[in-house]
$ cat final24.cif   # mmCIF, C-alpha atoms
data_target
loop_
_atom_site.label_atom_id
_atom_site.label_comp_id
_atom_site.auth_asym_id
_atom_site.auth_seq_id
_atom_site.Cartn_x
_atom_site.Cartn_y
_atom_site.Cartn_z
CA MET I 3 -111.44 48.94 92.90
CA ALA I 4 -110.41 46.98 89.81
CA GLU I 5 -107.54 45.53 91.87
CA LEU I 6 -109.96 44.38 94.56
CA ASP I 7 -112.24 42.87 91.90
CA ALA I 8 -109.26 40.97 90.48
CA LEU I 9 -108.23 39.79 93.96
CA LEU I 10 -111.73 38.48 94.69
CA GLU I 11 -111.84 36.83 91.27
CA SER I 12 -108.54 35.05 91.89
CA MET I 13 -109.75 33.90 95.33
CA LEU I 14 -112.97 32.62 93.74
CA THR I 15 -111.14 30.59 91.09
CA ARG I 16 -108.58 29.34 93.64
CA THR I 17 -111.18 28.09 96.14
CA GLU I 18 -113.38 25.27 94.94
CA HIS I 19 -117.16 25.30 95.61
CA VAL I 20 -117.21 29.03 96.37
CA LYS I 21 -120.12 30.63 94.49
CA ALA I 22 -119.64 34.30 95.28
CA ILE I 23 -117.39 36.74 97.11
CA MET I 24 -118.67 40.24 97.77
CA VAL I 25 -117.52 43.41 99.46
CA THR I 26 -120.40 45.63 100.50
CA ASP I 27 -121.02 48.49 102.87
CA ARG I 28 -123.35 48.22 105.88
CA ASP I 29 -126.37 49.04 103.72
CA GLY I 30 -125.64 46.27 101.23
CA VAL I 31 -124.23 48.52 98.47
CA ILE I 32 -121.76 46.39 96.49
CA LEU I 33 -118.21 47.76 96.13
CA ALA I 34 -116.59 44.74 94.56
CA LYS I 35 -117.73 41.25 93.68
CA ALA I 36 -116.68 37.99 92.07
CA LEU I 37 -119.39 35.60 90.99
CA HIS I 38 -119.17 32.02 89.80
CA LYS I 39 -120.31 31.77 86.18
CA ASP I 40 -123.35 29.63 87.13
CA SER I 41 -124.49 31.96 89.93
CA GLN I 42 -127.79 33.79 89.74
CA ASP I 43 -128.51 37.45 90.39
CA GLY I 44 -130.43 36.68 93.60
CA ILE I 45 -127.12 35.84 95.22
CA LEU I 46 -126.45 39.59 95.52
CA GLU I 47 -129.24 40.14 98.04
CA PRO I 48 -128.50 43.60 99.52
CA ALA I 49 -130.73 43.05 102.57
CA PHE I 50 -128.45 40.24 103.70
CA SER I 51 -125.46 42.52 104.32
CA ALA I 52 -127.74 44.94 106.14
CA THR I 53 -128.90 41.99 108.29
CA PHE I 54 -125.27 41.32 109.23
CA ALA I 55 -124.88 44.94 110.33
CA VAL I 56 -128.04 44.65 112.46
CA ALA I 57 -126.84 41.36 113.98
CA CYS I 58 -123.50 42.94 114.91
CA GLU I 59 -125.32 45.82 116.58
CA GLN I 60 -127.54 43.41 118.52
CA CYS I 61 -124.55 41.37 119.71
CA GLY I 62 -123.04 44.53 121.17
CA LYS I 63 -125.94 44.53 123.62
CA LEU I 64 -124.89 41.11 124.94
CA GLY I 65 -121.54 42.34 126.20
CA LEU I 66 -119.66 40.09 123.77
CA GLY I 67 -117.86 43.01 122.14
CA THR I 68 -117.77 43.66 118.42
CA THR I 69 -118.70 40.87 116.03
CA ASN I 70 -115.84 39.62 113.83
CA SER I 71 -117.69 37.10 111.70
CA ILE I 72 -120.96 35.21 111.31
CA ILE I 73 -121.26 31.73 109.79
CA SER I 74 -124.77 30.85 108.62
CA THR I 75 -125.51 27.37 107.32
CA PHE I 76 -128.56 26.77 105.12
CA SER I 77 -129.85 23.47 103.66
CA SER I 78 -127.34 23.44 100.80
CA THR I 79 -125.39 26.68 101.14
CA GLN I 80 -123.14 28.25 103.74
CA ILE I 81 -122.44 31.95 104.06
CA VAL I 82 -119.55 33.47 105.99
CA GLN I 83 -119.51 37.22 106.62
CA PHE I 84 -116.58 39.18 108.03
CA SER I 85 -116.75 42.61 109.58
CA HIS I 86 -114.21 45.16 108.33
CA PRO I 87 -115.86 48.39 109.47
CA PRO I 88 -117.38 50.12 107.54
CA LEU I 89 -117.33 47.24 105.06
CA ILE I 90 -118.55 43.64 105.05
CA LEU I 91 -116.88 40.75 103.24
CA THR I 92 -119.27 37.94 102.28
CA LEU I 93 -118.28 34.48 101.02
CA LEU I 94 -121.00 32.16 99.76
CA ALA I 95 -120.27 28.49 99.10
CA SER I 96 -121.91 25.09 98.85
CA LEU I 97 -121.78 22.64 101.77
CA ASP I 98 -119.13 20.58 99.91
CA ILE I 99 -116.38 22.81 101.27
CA PRO I 100 -115.46 22.79 104.99
CA PRO I 101 -116.33 26.14 106.60
CA GLY I 102 -112.77 26.32 107.92
CA VAL I 103 -111.58 26.87 104.34
CA LEU I 104 -113.94 29.84 104.02
CA LEU I 105 -112.66 31.25 107.32
CA ALA I 106 -109.09 30.86 106.07
CA ALA I 107 -109.99 32.56 102.77
CA GLY I 108 -111.51 35.43 104.74
CA LYS I 109 -108.32 35.75 106.78
CA ASP I 110 -106.25 35.81 103.58
CA LEU I 111 -108.33 38.76 102.41
CA ALA I 112 -108.07 40.58 105.77
CA ASP I 113 -105.10 42.81 104.83
CA PRO I 114 -106.45 44.09 101.48
CA MET I 115 -109.87 44.49 103.10
CA LYS I 116 -108.35 46.63 105.87
CA MET I 117 -106.74 48.90 103.28
CA VAL I 118 -110.02 49.35 101.38
CA ALA I 119 -112.00 49.82 104.60
CA ASP I 120 -109.57 52.51 105.80
CA ALA I 121 -109.76 54.28 102.42
CA VAL I 122 -113.56 54.17 102.45
CA ALA I 123 -113.70 55.40 106.07
CA ARG I 124 -111.34 58.31 105.21
CA SER I 125 -113.33 59.15 102.10
CA THR I 126 -116.62 59.09 104.06
CA ALA I 127 -115.21 61.26 106.84
CA GLY I 128 -113.69 63.72 104.34
CA ALA I 129 -116.88 64.06 102.32
CA GLY I 130 -118.92 64.60 105.48
CA GLY I 131 -121.52 62.13 104.28
CA PRO I 132 -122.07 58.77 102.69
CA ALA I 133 -119.42 58.14 100.05
CA VAL I 134 -119.88 54.45 99.39
CA GLY I 135 -121.92 53.82 96.29
CA SER I 136 -122.32 57.55 95.58
CA GLY I 137 -119.74 57.66 92.83
CA ASN I 138 -116.84 59.06 94.90
CA ALA I 139 -113.44 57.69 93.93
CA VAL I 140 -111.76 55.37 96.40
CA VAL I 141 -108.01 54.99 95.99
CA VAL I 142 -106.58 51.69 97.11
CA GLY I 143 -102.89 51.94 97.92
CA ARG I 144 -100.38 49.14 97.62
CA ALA I 145 -98.80 47.68 100.74
CA MET A 23 -145.44 17.57 129.22
CA LEU A 24 -142.26 19.63 129.51
CA LYS A 25 -140.33 19.34 132.77
CA PRO A 26 -138.24 22.53 133.03
CA LYS A 27 -136.04 21.12 135.78
CA VAL A 28 -135.06 18.10 133.68
CA ILE A 29 -134.50 20.26 130.57
CA ALA A 30 -132.21 22.56 132.59
CA GLN A 31 -130.23 19.52 133.75
CA VAL A 32 -129.81 18.33 130.15
CA LEU A 33 -128.78 21.83 129.00
CA SER A 34 -126.24 22.14 131.82
CA GLN A 35 -124.41 19.03 130.60
CA VAL A 36 -122.83 20.98 127.73
CA ASN A 37 -121.72 23.84 130.01
CA THR A 38 -118.12 22.63 130.16
CA ASN A 39 -114.78 23.71 128.65
CA GLY A 40 -115.68 27.33 128.04
CA ILE A 41 -119.42 27.02 127.32
CA LYS A 42 -120.93 29.60 129.68
CA ALA A 43 -124.66 29.20 129.12
CA THR A 44 -127.18 27.11 127.21
CA LEU A 45 -130.71 28.26 126.47
CA LEU A 46 -133.85 26.75 125.01
CA LEU A 47 -136.31 29.31 123.73
CA ASN A 48 -139.52 29.71 121.81
CA PRO A 49 -139.34 31.16 118.28
CA ASP A 50 -140.75 34.45 119.62
CA GLY A 51 -137.75 34.82 121.94
CA SER A 52 -139.45 33.80 125.18
CA LEU A 53 -137.28 31.62 127.38
CA ILE A 54 -138.27 27.98 128.07
CA SER A 55 -135.29 26.88 130.10
CA PHE A 56 -131.65 27.83 130.63
CA ALA A 57 -128.51 26.65 132.36
CA GLY A 58 -125.65 28.99 133.31
CA GLY A 59 -125.73 32.73 134.00
CA SER A 60 -128.51 34.80 135.54
CA GLU A 61 -132.13 34.84 134.44
CA SER A 62 -131.99 38.47 133.32
CA GLU A 63 -128.95 37.76 131.12
CA ALA A 64 -130.69 34.70 129.71
CA LYS A 65 -133.79 36.72 128.81
CA VAL A 66 -131.75 39.32 126.91
CA LEU A 67 -129.77 36.58 125.16
CA ALA A 68 -132.97 34.77 124.16
CA ALA A 69 -134.49 37.94 122.69
CA VAL A 70 -131.35 38.80 120.71
CA ALA A 71 -130.78 35.21 119.51
CA SER A 72 -134.36 34.93 118.25
CA ASN A 73 -134.17 38.34 116.55
CA VAL A 74 -130.91 37.54 114.74
CA TRP A 75 -132.08 34.03 113.77
CA PHE A 76 -135.28 35.23 112.10
CA ALA A 77 -133.53 38.17 110.41
CA TYR A 78 -131.04 35.71 108.88
CA GLU A 79 -133.75 33.23 107.95
CA ARG A 80 -135.81 35.89 106.19
CA HIS A 81 -133.01 37.73 104.37
CA GLY A 82 -130.60 34.84 103.87
CA LYS A 83 -133.05 32.51 102.14
CA PRO A 84 -133.05 34.24 98.72
CA ALA A 85 -129.24 34.48 98.62
CA ALA A 86 -128.80 30.88 99.80
CA ALA A 87 -131.41 29.61 97.35
CA ALA A 88 -129.72 31.43 94.47
CA GLY A 89 -126.41 29.89 95.51
CA ALA A 90 -127.83 26.35 95.66
CA GLU A 91 -127.25 23.99 92.72
CA GLY A 92 -129.98 24.74 90.19
CA GLY A 93 -131.56 26.95 92.83
CA GLU A 94 -133.86 29.85 92.31
CA ALA A 95 -134.12 32.99 94.41
CA GLY A 96 -137.00 32.69 96.87
CA ASN A 97 -136.83 28.89 96.91
CA SER A 98 -138.63 27.97 100.12
CA ALA A 99 -136.83 24.59 100.39
CA GLU A 100 -133.72 26.43 101.60
CA SER A 101 -133.89 26.87 105.37
CA LEU A 102 -131.45 28.10 108.00
CA GLN A 103 -129.79 25.21 109.85
CA ASP A 104 -127.43 26.94 112.23
CA LEU A 105 -125.81 30.25 112.95
CA ILE A 106 -122.51 30.98 114.70
CA LEU A 107 -121.55 34.50 115.72
CA ASP A 108 -117.88 35.04 116.47
CA CYS A 109 -117.47 38.10 118.69
CA GLU A 110 -114.45 39.71 120.35
CA ALA A 111 -115.34 38.45 123.82
CA GLY A 112 -117.20 35.25 123.02
CA LYS A 113 -119.11 33.09 120.58
CA LEU A 114 -122.81 32.46 120.15
CA SER A 115 -124.30 29.43 118.43
CA VAL A 116 -127.99 29.25 117.51
CA SER A 117 -129.76 26.24 116.04
CA ARG A 118 -133.29 24.94 115.63
CA ALA A 119 -134.47 22.02 117.78
CA SER A 120 -137.92 20.97 116.56
CA ARG A 121 -139.88 24.27 116.58
CA MET A 122 -137.75 25.78 119.31
CA LEU A 123 -134.36 27.46 119.22
CA LEU A 124 -131.28 26.24 121.03
CA CYS A 125 -128.60 28.77 121.93
CA LEU A 126 -125.10 28.17 123.31
CA VAL A 127 -122.86 30.95 124.62
CA ALA A 128 -119.13 30.30 124.79
CA ASN A 129 -116.08 32.33 125.72
CA GLU A 130 -113.63 33.48 123.02
CA GLU A 131 -111.22 30.59 123.60
CA VAL A 132 -113.69 27.90 122.53
CA GLU A 133 -113.05 26.79 118.95
CA TRP A 134 -116.08 27.20 116.76
CA GLY A 135 -115.83 23.57 115.58
CA LEU A 136 -116.30 22.35 119.15
CA LEU A 137 -119.16 24.80 119.67
CA LYS A 138 -120.82 23.58 116.49
CA ALA A 139 -120.36 19.93 117.49
CA LYS A 140 -121.84 20.51 120.96
CA THR A 141 -124.79 22.35 119.46
CA LYS A 142 -125.39 19.50 117.00
CA VAL A 143 -125.24 16.79 119.68
CA LEU A 144 -127.61 18.65 122.00
CA ARG A 145 -129.99 19.47 119.15
CA GLU A 146 -130.19 15.83 118.08
CA TYR A 147 -130.74 14.74 121.69
CA LEU A 148 -133.56 17.25 122.27
CA GLU A 149 -135.20 17.06 118.85
CA GLY A 150 -137.06 13.77 119.49
CA PRO A 151 -138.68 14.66 122.83
CA LEU A 152 -139.40 18.25 121.76
CA SER A 153 -141.10 17.16 118.55
CA LEU A 154 -143.61 15.26 120.73
CA VAL A 155 -144.48 18.51 122.49
CA SER A 156 -144.56 20.72 119.37
CA PRO A 157 -144.75 18.36 116.40
CA SER A 158 -145.29 21.00 113.68
CA ALA A 159 -142.69 21.18 110.94
CA PRO A 160 -140.44 24.26 110.90
CA PRO A 161 -141.82 27.13 108.79
#
$ encode --input "final24.cif" --output "structure tokens"
Amino acid sequence: MAELDALLESMLTRTEHVKAIMVTDRDGVILAKALHKDSQDGILEPAFSATFAVACEQCGKLGLGTTNSIISTFSSTQIVQFSHPPLILTLLASLDIPPGVLLAAGKDLADPMKMVADAVARSTAGAGGPAVGSGNAVVVGRA
Amino acid sequence: MLKPKVIAQVLSQVNTNGIKATLLLNPDGSLISFAGGSESEAKVLAAVASNVWFAYERHGKPAAAAGAEGGEAGNSAESLQDLILDCEAGKLSVSRASRMLLCLVANEEVEWGLLKAKTKVLREYLEGPLSLVSPSAPP
């Protein structure tokens, strides 16, 4: 997980105006995060990741298939969330950055995210219960 | 006075180049008018769009406010402007027009930039007349 933390940190420093990058499970439990030094704790709102999971479920009812990403724009902040079942990648940035840059950043993180998601899914299936956030070790292999 | 027939005609103008349906709905998810697709599909879409919008507005506000410059979690000044859901078989754009919600459904080939631009243009066009019908400020 330290490698993932470092990867998110490097993405955060590389991309201007990004305030936070988080990897959570569907319940909002944080696996890895990188926060801008000026960011506040409220940025890590767990209910928000859970809302993404609910929205994905709801969209399934519309016959549009599985949800890949959701872009939400607020008055001065934009949030892009990517689905990597069973994990969610969240990027939070100010409106100064074009959302296309956030989408590109999310795509850059797709491969490492897939590896972590697969490891978490295996670990969860092997333990026969929820593994994320319960202290079980998750081994991230190198490509 | 709202004229549903005229609203439907306005909504249908954006149903080009991959936009399959356009809906105008009340905040509670009840349909006001729609263009494209069947009525039953439109009703389901309206209910889901409203549900997702208010879930994001409620749970996204604290995170967005904390991310704002000098912001504070729970800052009520931060409000949801628009929402785009990118799914495997299509895209969904939801935005607020006055007190109502505007929803565009597109196929997967439509670029989200175009979807966002169409939503913005339609929202700006409808906002004036709709604010005369329901002038209250958004919550």
$ residues_around --input "final24.cif" --residues "Glu131 of chain A" --least-positions-apart "2" --cutoff "12 Å" --atoms "only C-alpha atoms" --output "list of chain:residue names"
A:Asn39, A:Gly40, A:Ile41, A:Lys42, A:Asp108, A:Cys109, A:Glu110, A:Ala111, A:Gly112, A:Lys113, A:Val127, A:Ala128, A:Asn129, A:Glu133, A:Trp134, A:Gly135, A:Leu136, A:Leu137
$ atom_distance --input "final24.cif" --atom1 "atom CA of Thr38 of chain A" --atom2 "atom CA of Leu97 of chain I"
28.6 Å
$ interface_residues --input "final24.cif" --of "chain I" --to "chain A" --cutoff "10 Å" --atoms "all atoms listed in the file" --output "number ranges by chain"
I: 20-22, 38, 40-54, 56-58, 60-84, 94-97, 101-102
$ residues_around --input "final24.cif" --residues "Arg145 of chain A" --least-positions-apart "3" --cutoff "12 Å" --atoms "only C-alpha atoms" --output "PyMOL selection string"
chain A and resi 32-33+36+44-46+103-104+115-126+138-142+148-153
$ write_last_selection --input "final24.cif" --atoms "C-alpha atoms" --output "PDB file, in the frame of the given file"
ATOM      1  CA  VAL A  32    -129.810  18.330 130.150  1.00  0.00           C
ATOM      2  CA  LEU A  33    -128.780  21.830 129.000  1.00  0.00           C
ATOM      3  CA  VAL A  36    -122.830  20.980 127.730  1.00  0.00           C
ATOM      4  CA  THR A  44    -127.180  27.110 127.210  1.00  0.00           C
ATOM      5  CA  LEU A  45    -130.710  28.260 126.470  1.00  0.00           C
ATOM      6  CA  LEU A  46    -133.850  26.750 125.010  1.00  0.00           C
ATOM      7  CA  GLN A 103    -129.790  25.210 109.850  1.00  0.00           C
ATOM      8  CA  ASP A 104    -127.430  26.940 112.230  1.00  0.00           C
ATOM      9  CA  SER A 115    -124.300  29.430 118.430  1.00  0.00           C
ATOM     10  CA  VAL A 116    -127.990  29.250 117.510  1.00  0.00           C
ATOM     11  CA  SER A 117    -129.760  26.240 116.040  1.00  0.00           C
ATOM     12  CA  ARG A 118    -133.290  24.940 115.630  1.00  0.00           C
ATOM     13  CA  ALA A 119    -134.470  22.020 117.780  1.00  0.00           C
ATOM     14  CA  SER A 120    -137.920  20.970 116.560  1.00  0.00           C
ATOM     15  CA  ARG A 121    -139.880  24.270 116.580  1.00  0.00           C
ATOM     16  CA  MET A 122    -137.750  25.780 119.310  1.00  0.00           C
ATOM     17  CA  LEU A 123    -134.360  27.460 119.220  1.00  0.00           C
ATOM     18  CA  LEU A 124    -131.280  26.240 121.030  1.00  0.00           C
ATOM     19  CA  CYS A 125    -128.600  28.770 121.930  1.00  0.00           C
ATOM     20  CA  LEU A 126    -125.100  28.170 123.310  1.00  0.00           C
ATOM     21  CA  LYS A 138    -120.820  23.580 116.490  1.00  0.00           C
ATOM     22  CA  ALA A 139    -120.360  19.930 117.490  1.00  0.00           C
ATOM     23  CA  LYS A 140    -121.840  20.510 120.960  1.00  0.00           C
ATOM     24  CA  THR A 141    -124.790  22.350 119.460  1.00  0.00           C
ATOM     25  CA  LYS A 142    -125.390  19.500 117.000  1.00  0.00           C
ATOM     26  CA  LEU A 148    -133.560  17.250 122.270  1.00  0.00           C
ATOM     27  CA  GLU A 149    -135.200  17.060 118.850  1.00  0.00           C
ATOM     28  CA  GLY A 150    -137.060  13.770 119.490  1.00  0.00           C
ATOM     29  CA  PRO A 151    -138.680  14.660 122.830  1.00  0.00           C
ATOM     30  CA  LEU A 152    -139.400  18.250 121.760  1.00  0.00           C
ATOM     31  CA  SER A 153    -141.100  17.160 118.550  1.00  0.00           C
TER      32      SER A 153
END
$ atom_distance --input "final24.cif" --atom1 "atom CA of Asp7 of chain I" --atom2 "atom CA of Ala34 of chain I"
5.4 Å
$ atom_distance --input "final24.cif" --atom1 "atom CA of Ala107 of chain I" --atom2 "atom CA of Val31 of chain I"
21.8 Å
$ residues_around --input "final24.cif" --residues "Ala106 of chain I" --least-positions-apart "3" --cutoff "12 Å" --atoms "all atoms listed in the file" --output "list of chain:residue names"
I:Met13, I:Thr17, I:Val82, I:Phe84, I:Leu93, I:Ile99, I:Pro100, I:Pro101, I:Gly102, I:Val103, I:Lys109, I:Asp110, I:Leu111, I:Ala112
$ write_last_selection --input "final24.cif" --atoms "C-alpha atoms" --output "PDB file, in the coordinates of the input"
ATOM      1  CA  MET I  13    -109.750  33.900  95.330  1.00  0.00           C
ATOM      2  CA  THR I  17    -111.180  28.090  96.140  1.00  0.00           C
ATOM      3  CA  VAL I  82    -119.550  33.470 105.990  1.00  0.00           C
ATOM      4  CA  PHE I  84    -116.580  39.180 108.030  1.00  0.00           C
ATOM      5  CA  LEU I  93    -118.280  34.480 101.020  1.00  0.00           C
ATOM      6  CA  ILE I  99    -116.380  22.810 101.270  1.00  0.00           C
ATOM      7  CA  PRO I 100    -115.460  22.790 104.990  1.00  0.00           C
ATOM      8  CA  PRO I 101    -116.330  26.140 106.600  1.00  0.00           C
ATOM      9  CA  GLY I 102    -112.770  26.320 107.920  1.00  0.00           C
ATOM     10  CA  VAL I 103    -111.580  26.870 104.340  1.00  0.00           C
ATOM     11  CA  LYS I 109    -108.320  35.750 106.780  1.00  0.00           C
ATOM     12  CA  ASP I 110    -106.250  35.810 103.580  1.00  0.00           C
ATOM     13  CA  LEU I 111    -108.330  38.760 102.410  1.00  0.00           C
ATOM     14  CA  ALA I 112    -108.070  40.580 105.770  1.00  0.00           C
TER      15      ALA I 112
END
$ residues_around --input "final24.cif" --residues "Ile23 of chain I" --least-positions-apart "3" --cutoff "8 Å" --atoms "all atoms listed in the file" --output "PDB file with C-alpha atoms, in the coordinates of the input"
ATOM      1  CA  LEU I  10    -111.730  38.480  94.690  1.00  0.00           C
ATOM      2  CA  LEU I  14    -112.970  32.620  93.740  1.00  0.00           C
ATOM      3  CA  VAL I  20    -117.210  29.030  96.370  1.00  0.00           C
ATOM      4  CA  LYS I  35    -117.730  41.250  93.680  1.00  0.00           C
ATOM      5  CA  ALA I  36    -116.680  37.990  92.070  1.00  0.00           C
ATOM      6  CA  LEU I  37    -119.390  35.600  90.990  1.00  0.00           C
ATOM      7  CA  LEU I  91    -116.880  40.750 103.240  1.00  0.00           C
ATOM      8  CA  THR I  92    -119.270  37.940 102.280  1.00  0.00           C
ATOM      9  CA  LEU I  93    -118.280  34.480 101.020  1.00  0.00           C
ATOM     10  CA  LEU I  94    -121.000  32.160  99.760  1.00  0.00           C
TER      11      LEU I  94
END
$ axis_aligned_box --input "final24.cif" --around "segment 61-77 of chain I" --padding-each-side "8 Å" --output "AutoDock Vina command-line options"
--center_x -122.8 --center_y 34.0 --center_z 114.9 --size_x 30.0 --size_y 37.1 --size_z 38.5
$ build_atoms --input "final24.cif" --residues "segment 122-137 of chain A" --atoms "N, CA, C and O atoms" --output "PDB file, in the frame of the given file"
ATOM      1  N   MET A 122    -138.381  24.850 118.371  1.00  0.00           N
ATOM      2  CA  MET A 122    -137.750  25.780 119.310  1.00  0.00           C
ATOM      3  C   MET A 122    -136.317  26.109 118.871  1.00  0.00           C
ATOM      4  O   MET A 122    -135.785  25.461 117.977  1.00  0.00           O
ATOM      5  N   LEU A 123    -135.742  27.081 119.534  1.00  0.00           N
ATOM      6  CA  LEU A 123    -134.360  27.460 119.220  1.00  0.00           C
ATOM      7  C   LEU A 123    -133.447  27.088 120.387  1.00  0.00           C
ATOM      8  O   LEU A 123    -133.833  27.216 121.557  1.00  0.00           O
ATOM      9  N   LEU A 124    -132.280  26.631 120.037  1.00  0.00           N
ATOM     10  CA  LEU A 124    -131.280  26.240 121.030  1.00  0.00           C
ATOM     11  C   LEU A 124    -130.115  27.217 120.880  1.00  0.00           C
ATOM     12  O   LEU A 124    -129.661  27.473 119.766  1.00  0.00           O
ATOM     13  N   CYS A 125    -129.652  27.758 121.998  1.00  0.00           N
ATOM     14  CA  CYS A 125    -128.600  28.770 121.930  1.00  0.00           C
ATOM     15  C   CYS A 125    -127.490  28.448 122.924  1.00  0.00           C
ATOM     16  O   CYS A 125    -127.766  28.213 124.107  1.00  0.00           O
ATOM     17  N   LEU A 126    -126.265  28.413 122.446  1.00  0.00           N
ATOM     18  CA  LEU A 126    -125.100  28.170 123.310  1.00  0.00           C
ATOM     19  C   LEU A 126    -124.209  29.402 123.314  1.00  0.00           C
ATOM     20  O   LEU A 126    -123.927  29.968 122.253  1.00  0.00           O
ATOM     21  N   VAL A 127    -123.770  29.801 124.497  1.00  0.00           N
ATOM     22  CA  VAL A 127    -122.860  30.950 124.620  1.00  0.00           C
ATOM     23  C   VAL A 127    -121.518  30.446 125.130  1.00  0.00           C
ATOM     24  O   VAL A 127    -121.458  29.751 126.141  1.00  0.00           O
ATOM     25  N   ALA A 128    -120.462  30.791 124.408  1.00  0.00           N
ATOM     26  CA  ALA A 128    -119.130  30.300 124.790  1.00  0.00           C
ATOM     27  C   ALA A 128    -118.178  31.471 124.946  1.00  0.00           C
ATOM     28  O   ALA A 128    -118.433  32.563 124.419  1.00  0.00           O
ATOM     29  N   ASN A 129    -117.076  31.259 125.659  1.00  0.00           N
ATOM     30  CA  ASN A 129    -116.080  32.330 125.720  1.00  0.00           C
ATOM     31  C   ASN A 129    -115.217  32.298 124.450  1.00  0.00           C
ATOM     32  O   ASN A 129    -115.328  31.372 123.637  1.00  0.00           O
ATOM     33  N   GLU A 130    -114.351  33.305 124.293  1.00  0.00           N
ATOM     34  CA  GLU A 130    -113.630  33.480 123.020  1.00  0.00           C
ATOM     35  C   GLU A 130    -112.607  32.385 122.744  1.00  0.00           C
ATOM     36  O   GLU A 130    -112.168  32.217 121.605  1.00  0.00           O
ATOM     37  N   GLU A 131    -112.239  31.614 123.796  1.00  0.00           N
ATOM     38  CA  GLU A 131    -111.220  30.590 123.600  1.00  0.00           C
ATOM     39  C   GLU A 131    -111.767  29.292 123.000  1.00  0.00           C
ATOM     40  O   GLU A 131    -111.015  28.457 122.501  1.00  0.00           O
ATOM     41  N   VAL A 132    -113.082  29.130 123.065  1.00  0.00           N
ATOM     42  CA  VAL A 132    -113.690  27.900 122.530  1.00  0.00           C
ATOM     43  C   VAL A 132    -113.619  27.934 121.005  1.00  0.00           C
ATOM     44  O   VAL A 132    -114.001  28.925 120.382  1.00  0.00           O
ATOM     45  N   GLU A 133    -113.122  26.859 120.416  1.00  0.00           N
ATOM     46  CA  GLU A 133    -113.050  26.790 118.950  1.00  0.00           C
ATOM     47  C   GLU A 133    -114.458  26.595 118.399  1.00  0.00           C
ATOM     48  O   GLU A 133    -115.273  25.882 118.985  1.00  0.00           O
ATOM     49  N   TRP A 134    -114.725  27.248 117.273  1.00  0.00           N
ATOM     50  CA  TRP A 134    -116.080  27.200 116.760  1.00  0.00           C
ATOM     51  C   TRP A 134    -116.499  25.794 116.313  1.00  0.00           C
ATOM     52  O   TRP A 134    -117.676  25.468 116.320  1.00  0.00           O
ATOM     53  N   GLY A 135    -115.529  24.950 115.961  1.00  0.00           N
ATOM     54  CA  GLY A 135    -115.830  23.570 115.580  1.00  0.00           C
ATOM     55  C   GLY A 135    -116.409  22.791 116.756  1.00  0.00           C
ATOM     56  O   GLY A 135    -117.357  22.021 116.605  1.00  0.00           O
ATOM     57  N   LEU A 136    -115.821  23.020 117.940  1.00  0.00           N
ATOM     58  CA  LEU A 136    -116.300  22.350 119.150  1.00  0.00           C
ATOM     59  C   LEU A 136    -117.690  22.881 119.525  1.00  0.00           C
ATOM     60  O   LEU A 136    -118.576  22.104 119.895  1.00  0.00           O
ATOM     61  N   LEU A 137    -117.861  24.181 119.373  1.00  0.00           N
ATOM     62  CA  LEU A 137    -119.160  24.800 119.670  1.00  0.00           C
ATOM     63  C   LEU A 137    -120.229  24.242 118.745  1.00  0.00           C
ATOM     64  O   LEU A 137    -121.336  23.901 119.179  1.00  0.00           O
TER      65      LEU A 137
END
